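S.K.: Input structure: coords10.cif, which contains mmCIF, C-alpha atoms.
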```cif
data_entry
#
loop_
_atom_site.label_atom_id
_atom_site.label_comp_id
_atom_site.auth_asym_id
_atom_site.auth_seq_id
_atom_site.Cartn_x
_atom_site.Cartn_y
_atom_site.Cartn_z
CA MET A 1 -16.46 19.78 27.98
CA ARG A 2 -14.92 19.16 24.58
CA TYR A 3 -12.53 16.30 23.91
CA ALA A 4 -10.48 15.94 20.73
CA ILE A 5 -10.31 12.28 19.68
CA ILE A 6 -7.24 11.47 17.60
CA SER A 7 -5.43 8.31 16.55
CA ASP A 8 -2.53 7.10 14.45
CA ILE A 9 -0.47 10.28 14.22
CA HIS A 10 2.34 8.11 12.88
CA SER A 11 5.13 10.67 13.14
CA ASN A 12 3.39 12.95 10.64
CA LEU A 13 4.01 16.34 12.19
CA ALA A 14 2.46 18.37 9.35
CA ALA A 15 -0.81 16.42 9.65
CA PHE A 16 -0.82 16.63 13.45
CA GLN A 17 -0.23 20.38 13.41
CA ALA A 18 -3.02 20.85 10.86
CA VAL A 19 -5.43 18.90 13.06
CA LEU A 20 -4.50 20.93 16.14
CA ARG A 21 -5.05 24.18 14.23
CA ASP A 22 -8.41 22.95 13.00
CA ILE A 23 -9.45 22.01 16.55
CA ASP A 24 -8.63 25.53 17.71
CA GLU A 25 -10.52 27.10 14.83
CA ARG A 26 -13.61 25.04 15.66
CA GLY A 27 -13.73 26.20 19.26
CA SER A 28 -10.80 24.27 20.79
CA ALA A 29 -10.90 21.26 23.12
CA GLU A 30 -10.08 21.04 26.79
CA ARG A 31 -8.44 17.64 26.50
CA ILE A 32 -7.06 15.26 23.88
CA TRP A 33 -7.86 11.54 23.87
CA CYS A 34 -5.16 9.84 21.77
CA LEU A 35 -5.71 6.24 20.70
CA GLY A 36 -2.11 5.25 20.06
CA ASP A 37 0.49 4.91 17.31
CA VAL A 38 1.96 8.31 17.93
CA VAL A 39 5.06 7.09 16.08
CA GLY A 40 5.88 4.86 13.12
CA TYR A 41 5.96 5.33 9.33
CA GLY A 42 6.50 9.11 9.27
CA PRO A 43 9.54 11.43 9.50
CA ASP A 44 9.03 13.22 12.84
CA PRO A 45 8.51 10.77 15.72
CA ARG A 46 10.28 12.82 18.36
CA GLU A 47 8.55 16.06 17.40
CA CYS A 48 5.09 14.42 17.44
CA ILE A 49 5.61 13.04 20.95
CA ASP A 50 6.90 16.39 22.17
CA LEU A 51 3.95 18.26 20.64
CA LEU A 52 1.37 15.88 22.11
CA ARG A 53 2.91 16.26 25.55
CA GLN A 54 2.34 20.01 25.43
CA TYR A 55 -1.42 19.39 25.69
CA ASP A 56 -3.65 18.11 28.46
CA HIS A 57 -4.12 14.57 27.17
CA VAL A 58 -4.34 10.87 27.79
CA CYS A 59 -2.94 8.30 25.39
CA VAL A 60 -2.96 4.52 25.04
CA ALA A 61 -0.27 2.35 23.45
CA GLY A 62 -0.39 1.25 19.83
CA ASN A 63 1.53 -1.48 18.05
CA HIS A 64 4.00 0.99 16.51
CA ASP A 65 4.60 2.55 19.91
CA TRP A 66 5.39 -0.91 21.24
CA VAL A 67 7.70 -1.92 18.39
CA ALA A 68 9.74 1.25 19.06
CA LEU A 69 10.27 -0.17 22.57
CA GLY A 70 11.20 -3.64 21.32
CA ARG A 71 7.99 -5.15 22.72
CA VAL A 72 6.80 -6.32 19.32
CA ASP A 73 8.83 -8.54 17.01
CA LEU A 74 9.78 -6.81 13.75
CA ASP A 75 8.87 -10.03 11.95
CA ASP A 76 5.22 -9.17 12.69
CA PHE A 77 5.51 -6.15 10.36
CA ASN A 78 5.75 -5.97 6.59
CA PRO A 79 9.25 -5.03 5.31
CA GLU A 80 8.46 -1.32 4.81
CA ALA A 81 6.86 -0.91 8.23
CA ALA A 82 9.74 -2.82 9.84
CA ALA A 83 12.34 -0.60 8.17
CA ALA A 84 10.50 2.54 9.28
CA SER A 85 10.22 1.15 12.81
CA VAL A 86 13.98 0.56 13.08
CA TRP A 87 14.62 4.11 11.89
CA THR A 88 12.01 5.48 14.32
CA THR A 89 13.61 3.84 17.34
CA GLU A 90 16.97 5.36 16.38
CA GLN A 91 15.43 8.85 16.46
CA LEU A 92 13.99 8.61 19.98
CA GLY A 93 15.81 9.65 23.12
CA SER A 94 15.32 8.28 26.61
CA GLU A 95 12.61 10.82 27.43
CA GLU A 96 10.48 9.87 24.42
CA LEU A 97 11.01 6.15 25.02
CA ASP A 98 10.01 6.56 28.67
CA TYR A 99 6.84 8.30 27.56
CA LEU A 100 5.92 5.44 25.21
CA ASP A 101 6.89 2.87 27.84
CA ASN A 102 4.36 4.30 30.28
CA LEU A 103 1.38 4.27 27.92
CA PRO A 104 -1.37 1.90 29.14
CA LEU A 105 -3.10 -0.63 26.92
CA SER A 106 -6.53 0.76 27.80
CA LEU A 107 -8.14 3.58 29.74
CA GLU A 108 -11.61 4.42 30.96
CA GLU A 109 -12.71 8.04 30.70
CA GLY A 110 -16.27 8.41 31.96
CA ASP A 111 -18.57 6.51 29.60
CA PHE A 112 -15.70 5.71 27.23
CA THR A 113 -13.11 2.95 27.02
CA LEU A 114 -10.02 3.95 25.02
CA VAL A 115 -7.89 1.35 23.20
CA HIS A 116 -5.81 1.24 20.05
CA GLY A 117 -6.92 -1.90 18.24
CA SER A 118 -9.88 -3.44 20.05
CA PRO A 119 -10.97 -4.03 23.64
CA ARG A 120 -10.28 -7.74 23.09
CA GLU A 121 -6.78 -7.28 21.56
CA PRO A 122 -5.70 -3.67 22.26
CA ILE A 123 -2.48 -3.82 20.25
CA TRP A 124 -3.24 -5.90 17.17
CA GLU A 125 -6.90 -6.46 16.30
CA TYR A 126 -8.40 -4.46 13.44
CA LEU A 127 -12.11 -3.74 13.86
CA LEU A 128 -13.42 -3.60 10.30
CA SER A 129 -16.23 -6.16 10.31
CA VAL A 130 -19.47 -6.50 12.22
CA TYR A 131 -18.38 -10.00 13.23
CA SER A 132 -15.27 -8.86 15.11
CA ALA A 133 -17.02 -5.77 16.45
CA ARG A 134 -19.91 -7.81 17.87
CA ILE A 135 -17.44 -9.94 19.82
CA SER A 136 -15.64 -6.82 21.04
CA PHE A 137 -18.77 -5.42 22.69
CA ASP A 138 -18.38 -8.19 25.28
CA TYR A 139 -14.88 -6.98 26.22
CA PHE A 140 -15.61 -3.53 27.63
CA GLN A 141 -17.96 -2.37 30.36
CA THR A 142 -18.56 1.26 29.44
CA LYS A 143 -21.28 2.41 27.08
CA TYR A 144 -18.84 3.48 24.38
CA CYS A 145 -15.43 2.37 23.14
CA LEU A 146 -12.97 4.42 21.09
CA VAL A 147 -10.57 2.55 18.78
CA GLY A 148 -8.00 3.37 16.11
CA HIS A 149 -5.51 1.13 14.29
CA SER A 150 -7.47 0.68 11.03
CA HIS A 151 -7.08 4.36 10.05
CA VAL A 152 -10.69 4.29 8.84
CA PRO A 153 -13.44 6.48 10.37
CA LEU A 154 -16.45 4.32 11.21
CA VAL A 155 -18.96 3.42 13.90
CA PHE A 156 -20.28 0.07 15.10
CA GLU A 157 -23.64 0.08 16.89
CA LEU A 158 -25.06 -2.65 19.11
CA SER A 159 -28.83 -2.60 18.70
CA ALA A 160 -31.39 -3.51 21.36
CA ASP A 161 -31.89 -6.95 19.80
CA GLY A 162 -28.15 -7.70 19.93
CA ALA A 163 -27.40 -7.11 16.25
CA CYS A 164 -24.22 -5.26 15.32
CA LEU A 165 -24.50 -2.54 12.68
CA LEU A 166 -21.68 -0.85 10.76
CA HIS A 167 -22.00 2.85 9.87
CA GLU A 168 -19.51 4.40 7.47
CA VAL A 169 -18.69 7.98 8.40
CA SER A 170 -18.46 10.89 5.99
CA PRO A 171 -16.74 14.21 6.75
CA ASP A 172 -18.72 16.57 8.96
CA THR A 173 -20.85 13.73 10.34
CA MET A 174 -22.47 14.51 13.69
CA LEU A 175 -23.04 11.36 15.74
CA ARG A 176 -25.56 11.81 18.54
CA LEU A 177 -24.92 9.52 21.49
CA GLU A 178 -28.23 8.05 22.57
CA VAL A 179 -29.36 4.64 23.86
CA ASN A 180 -27.29 2.05 22.02
CA ARG A 181 -23.70 1.11 22.77
CA LEU A 182 -21.13 2.18 20.19
CA ILE A 183 -17.58 1.48 19.07
CA ILE A 184 -16.22 4.65 17.46
CA ASN A 185 -13.14 5.07 15.26
CA PRO A 186 -12.07 8.68 14.48
CA GLY A 187 -9.87 7.65 11.54
CA GLY A 188 -6.17 8.34 11.18
CA VAL A 189 -4.35 11.65 11.58
CA GLY A 190 -1.09 10.75 9.91
CA GLN A 191 -1.91 8.00 7.42
CA PRO A 192 -5.60 7.76 6.42
CA ARG A 193 -6.59 4.55 4.66
CA ASP A 194 -10.10 5.19 3.40
CA GLY A 195 -9.16 6.76 0.08
CA ASP A 196 -9.25 10.31 1.45
CA PRO A 197 -5.71 11.62 2.14
CA ARG A 198 -6.88 14.36 4.50
CA ALA A 199 -6.19 13.93 8.21
CA SER A 200 -9.17 12.59 10.16
CA TYR A 201 -10.23 13.24 13.75
CA ALA A 202 -13.32 13.73 15.92
CA VAL A 203 -14.50 15.93 18.77
CA TYR A 204 -16.76 14.78 21.60
CA ASP A 205 -18.92 17.47 23.20
CA SER A 206 -20.08 16.04 26.52
CA GLU A 207 -22.72 18.74 27.10
CA GLN A 208 -24.41 18.15 23.74
CA GLY A 209 -23.78 14.41 23.71
CA VAL A 210 -22.40 14.57 20.16
CA VAL A 211 -19.29 13.24 18.42
CA SER A 212 -18.41 15.30 15.34
CA TYR A 213 -16.10 14.03 12.59
CA TYR A 214 -13.75 16.28 10.62
CA ARG A 215 -11.26 16.02 7.73
CA VAL A 216 -8.33 18.38 7.42
CA PRO A 217 -6.03 18.99 4.42
CA TYR A 218 -2.34 19.28 5.21
CA ASP A 219 0.93 19.69 3.33
CA ILE A 220 1.38 16.11 2.15
CA ALA A 221 4.30 17.05 -0.09
CA ALA A 222 6.21 18.44 2.89
CA THR A 223 5.83 15.18 4.79
CA GLN A 224 6.79 13.17 1.71
CA LYS A 225 9.88 15.32 1.21
CA ARG A 226 11.05 14.75 4.78
CA MET A 227 10.44 11.01 4.46
CA LYS A 228 12.52 10.91 1.30
CA GLU A 229 15.33 12.89 2.97
CA HIS A 230 15.45 10.29 5.75
CA GLY A 231 15.46 7.37 3.33
CA LEU A 232 12.13 5.96 4.44
CA PRO A 233 10.48 3.37 2.13
CA GLN A 234 9.04 4.72 -1.11
CA ARG A 235 5.73 2.86 -0.73
CA LEU A 236 5.10 4.58 2.59
CA ILE A 237 5.85 7.92 0.96
CA ALA A 238 3.56 7.35 -2.01
CA ARG A 239 0.56 6.06 -0.08
CA LEU A 240 0.06 9.38 1.71
CA ARG A 241 -1.04 10.99 -1.54
CA TYR A 242 -3.76 8.37 -2.11
CA GLY A 243 -5.05 7.97 1.44
CA TRP A 244 -4.27 4.28 1.49
#
```
Just dump the structure as structure tokens.
M.R.:
Amino acid sequence: MRYAIISDIHSNLAAFQAVLRDIDERGSAERIWCLGDVVGYGPDPRECIDLLRQYDHVCVAGNHDWVALGRVDLDDFNPEAAAASVWTTEQLGSEELDYLDNLPLSLEEGDFTLVHGSPREPIWEYLLSVYSARISFDYFQTKYCLVGHSHVPLVFELSADGACLLHEVSPDTMLRLEVNRLIINPGGVGQPRDGDPRASYAVYDSEQGVVSYYRVPYDIAATQKRMKEHGLPQRLIARLRYGW
């Protein structure tokens, strides 16, 4: 079975649609595993929720999903993110808010634990260092953990001697799942932050035991235009072009 692994759509409908098209062109996926932050930053929060719900999927809650519900204090966000969050909440109807309200903090799907930030702090913790990742391996029971939040595609590996290794991931990487435990980040769909503005996602093929990483170009200018029309912060608009 093939699972599409996506994270951090961030209300970027053009990027999300491009990823879905790319998944279909590469042989499709039977189910989507979404690692949170469906909304926030971008111009189409309602449309992104509606599109995701058209697919067989599971999704966990992210910090931007929670702030749209009033579960996170706006003071915890920088001014641009806070302004976009207020606007996002105003765009969502009761059906979309109910959907976000029912997202769990974590899920187990076979050998995988799904969270947004980390298994230790599902909403807030960024896993970018081997120090924090090594601690996180003690907070989930499955062999593998899928995380988002940092918008950076990478893999942490726990070796047999207990050392934690960081592997940076390039486009078209094929990660074979073998003996060691892993924490896997597919990168961000709607706001990549690794210097590559293309949308990032991964596909897990359970029969082959492989996770494959992909990058997808999308119409960045179209998303930027819609953000400008809605008066969203200029810094959020500009960063899409630079992948940061």
S.K.: Nearest to Gly162 in chain A among A:Val130, A:Thr142, A:Leu52, A:Leu13, with distances taken over all atoms listed in the file: which residue is it?
M.R.: A:Val130
S.K.: Go through the shown structure with the PyMOL selection byres ((chain A and resi 128) around 12) and write out the matching residues as a compact mmCIF listing (two decimals) with C-alpha atoms, in the coordinates of the input.
M.R.:
```txt
# COMPACT_ATOMS: atom_id res chain seq x y z
CA GLY A 117 -6.92 -1.90 18.24
CA SER A 118 -9.88 -3.44 20.05
CA GLU A 125 -6.90 -6.46 16.30
CA TYR A 126 -8.40 -4.46 13.44
CA LEU A 127 -12.11 -3.74 13.86
CA SER A 129 -16.23 -6.16 10.31
CA VAL A 130 -19.47 -6.50 12.22
CA TYR A 131 -18.38 -10.00 13.23
CA SER A 132 -15.27 -8.86 15.11
CA ALA A 133 -17.02 -5.77 16.45
CA ARG A 134 -19.91 -7.81 17.87
CA SER A 136 -15.64 -6.82 21.04
CA VAL A 147 -10.57 2.55 18.78
CA GLY A 148 -8.00 3.37 16.11
CA HIS A 149 -5.51 1.13 14.29
CA SER A 150 -7.47 0.68 11.03
CA HIS A 151 -7.08 4.36 10.05
CA VAL A 152 -10.69 4.29 8.84
CA PRO A 153 -13.44 6.48 10.37
CA LEU A 154 -16.45 4.32 11.21
CA VAL A 155 -18.96 3.42 13.90
CA PHE A 156 -20.28 0.07 15.10
CA LEU A 165 -24.50 -2.54 12.68
CA LEU A 166 -21.68 -0.85 10.76
CA HIS A 167 -22.00 2.85 9.87
CA GLU A 168 -19.51 4.40 7.47
CA ILE A 183 -17.58 1.48 19.07
CA ILE A 184 -16.22 4.65 17.46
CA ASN A 185 -13.14 5.07 15.26
CA GLY A 187 -9.87 7.65 11.54
CA ASP A 194 -10.10 5.19 3.40
```
S.K.: For this structure, which residues satisfy the selection - the PyMOL selection byres ((chain A and resi 5-8) around 7) - when it is evaluated on the file as given? I want them as a list in words.
M.R.: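 On this input, the PyMOL selection byres ((chain A and resi 5-8) around 7) captures Tyr3, Ala4, Ile9, His10, Ile32, Trp33, Cys34, Leu35, Gly36, Asp37, Val38, Gly148, His149, His151, Pro186, Gly187, Gly188, Val189, Gly190, Tyr201, Ala202 and Val203 of chain A.
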S.K.: Tell me which of A:Glu30, A:Asp101, A:Asp44, A:Glu108 sits closest to Thr88 in chain A, counting all atoms listed in the file.
M.R.: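 Among A:Glu30, A:Asp101, A:Asp44, A:Glu108, it is A:Asp44 that comes nearest to Thr88 in chain A.
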S.K.: Counting all atoms listed in the file, what is within 10 Å of Phe140 in chain A, bar same-chain residues fewer than 6 positions away, as number ranges by chain?
M.R.: A: 108, 112-114, 118-120
S.K.: Just want the 8 Å neighbourhood of Leu177 in chain A, counted on only C-alpha atoms, with same-chain residues fewer than 3 positions away dropped. Output as a compact mmCIF listing (two decimals) with C-alpha atoms, in the frame of the given file.
M.R.:
```txt
# COMPACT_ATOMS: atom_id res chain seq x y z
CA ASN A 180 -27.29 2.05 22.02
CA GLY A 209 -23.78 14.41 23.71
CA VAL A 210 -22.40 14.57 20.16
CA VAL A 211 -19.29 13.24 18.42
```
S.K.: Please measure the separation of CA of Asp76 in chain A and CA of Pro122 in chain A, giving the value in Å to one decimal.
M.R.: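 It comes out at 15.5 Å.
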S.K.: Hey, can you check how far CA of Gln91 in chain A sits from CA of Asp24 in chain A?
M.R.: 29.3 Å
S.K.: Kindly resolve the PyMOL selection byres ((chain A and resi 98-100) around 8) on the present coordinates and return the residues as a list in words.
M.R.: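 Expected selection for the PyMOL selection byres ((chain A and resi 98-100) around 8) here is Ala61, Asp65, Trp66, Leu69, Ser94, Glu95, Glu96, Leu97, Asp101, Asn102 and Leu103 of chain A.
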S.K.: Would you mind exporting C-alpha atoms of the selected residues as a PDB file, in the frame of the given file?
M.R.:
```
ATOM      1  CA  ALA A  61      -0.270   2.350  23.450  1.00  0.00           C
ATOM      2  CA  ASP A  65       4.600   2.550  19.910  1.00  0.00           C
ATOM      3  CA  TRP A  66       5.390  -0.910  21.240  1.00  0.00           C
ATOM      4  CA  LEU A  69      10.270  -0.170  22.570  1.00  0.00           C
ATOM      5  CA  SER A  94      15.320   8.280  26.610  1.00  0.00           C
ATOM      6  CA  GLU A  95      12.610  10.820  27.430  1.00  0.00           C
ATOM      7  CA  GLU A  96      10.480   9.870  24.420  1.00  0.00           C
ATOM      8  CA  LEU A  97      11.010   6.150  25.020  1.00  0.00           C
ATOM      9  CA  ASP A 101       6.890   2.870  27.840  1.00  0.00           C
ATOM     10  CA  ASN A 102       4.360   4.300  30.280  1.00  0.00           C
ATOM     11  CA  LEU A 103       1.380   4.270  27.920  1.00  0.00           C
TER      12      LEU A 103
END
```
S.K.: Mind checking which residues fall within 10 Å of Gln17 in chain A, counting all atoms listed in the file, ignoring those fewer than 5 positions away in the same chain, and posting them as a list in words?
M.R.: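 After dropping sequence-adjacent residues, the list is Asn12, Asp22, Ile23, Cys48, Leu51, Leu52, Val189 and Tyr218 of chain A.
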S.K.: Select, from A:Pro43, A:Val19, A:Val72, A:Asp138, the residue with the minimum atom-to-atom distance to Ala222 in chain A, counting all atoms listed in the file.
M.R.: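 Of A:Pro43, A:Val19, A:Val72, A:Asp138, the one nearest Ala222 in chain A, counting all atoms listed in the file, is A:Pro43.
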S.K.: Quick one, how far is CA of Asn63 in chain A from CA of Glu121 in chain A?
M.R.: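 Taking CA of Asn63 in chain A as the start and CA of Glu121 in chain A as the end point, the length is 10.7 Å.
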S.K.: Counting only C-alpha atoms, what is within 10 Å of Val179 in chain A, bar same-chain residues fewer than 2 positions away, as a PDB file with C-alpha atoms, in the coordinates of the input?
M.R.:
```
ATOM      1  CA  LYS A 143     -21.280   2.410  27.080  1.00  0.00           C
ATOM      2  CA  LEU A 158     -25.060  -2.650  19.110  1.00  0.00           C
ATOM      3  CA  SER A 159     -28.830  -2.600  18.700  1.00  0.00           C
ATOM      4  CA  ALA A 160     -31.390  -3.510  21.360  1.00  0.00           C
ATOM      5  CA  ARG A 176     -25.560  11.810  18.540  1.00  0.00           C
ATOM      6  CA  LEU A 177     -24.920   9.520  21.490  1.00  0.00           C
ATOM      7  CA  ARG A 181     -23.700   1.110  22.770  1.00  0.00           C
ATOM      8  CA  LEU A 182     -21.130   2.180  20.190  1.00  0.00           C
TER       9      LEU A 182
END
```
S.K.: Skip Ala18 in chain A itself and residues of its chain fewer than 2 positions away, then list as a short mmCIF file (atom, residue, chain, number, x, y, z; two decimals) with C-alpha atoms, in the frame of the given file all residues within 8 Å of it, counting all atoms listed in the file.
M.R.:
```
data_model
loop_
_atom_site.label_atom_id
_atom_site.label_comp_id
_atom_site.auth_asym_id
_atom_site.auth_seq_id
_atom_site.Cartn_x
_atom_site.Cartn_y
_atom_site.Cartn_z
CA ALA A 14 2.46 18.37 9.35
CA ALA A 15 -0.81 16.42 9.65
CA PHE A 16 -0.82 16.63 13.45
CA LEU A 20 -4.50 20.93 16.14
CA ARG A 21 -5.05 24.18 14.23
CA ASP A 22 -8.41 22.95 13.00
CA VAL A 216 -8.33 18.38 7.42
CA PRO A 217 -6.03 18.99 4.42
CA TYR A 218 -2.34 19.28 5.21
#
```
S.K.: With distances taken over all atoms listed in the file, which of A:Thr223, A:Arg235, A:Cys145, A:Pro45 is nearest to Asn78 in chain A?
M.R.: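 Using all atoms listed in the file, the shortest distance to Asn78 in chain A belongs to A:Arg235.
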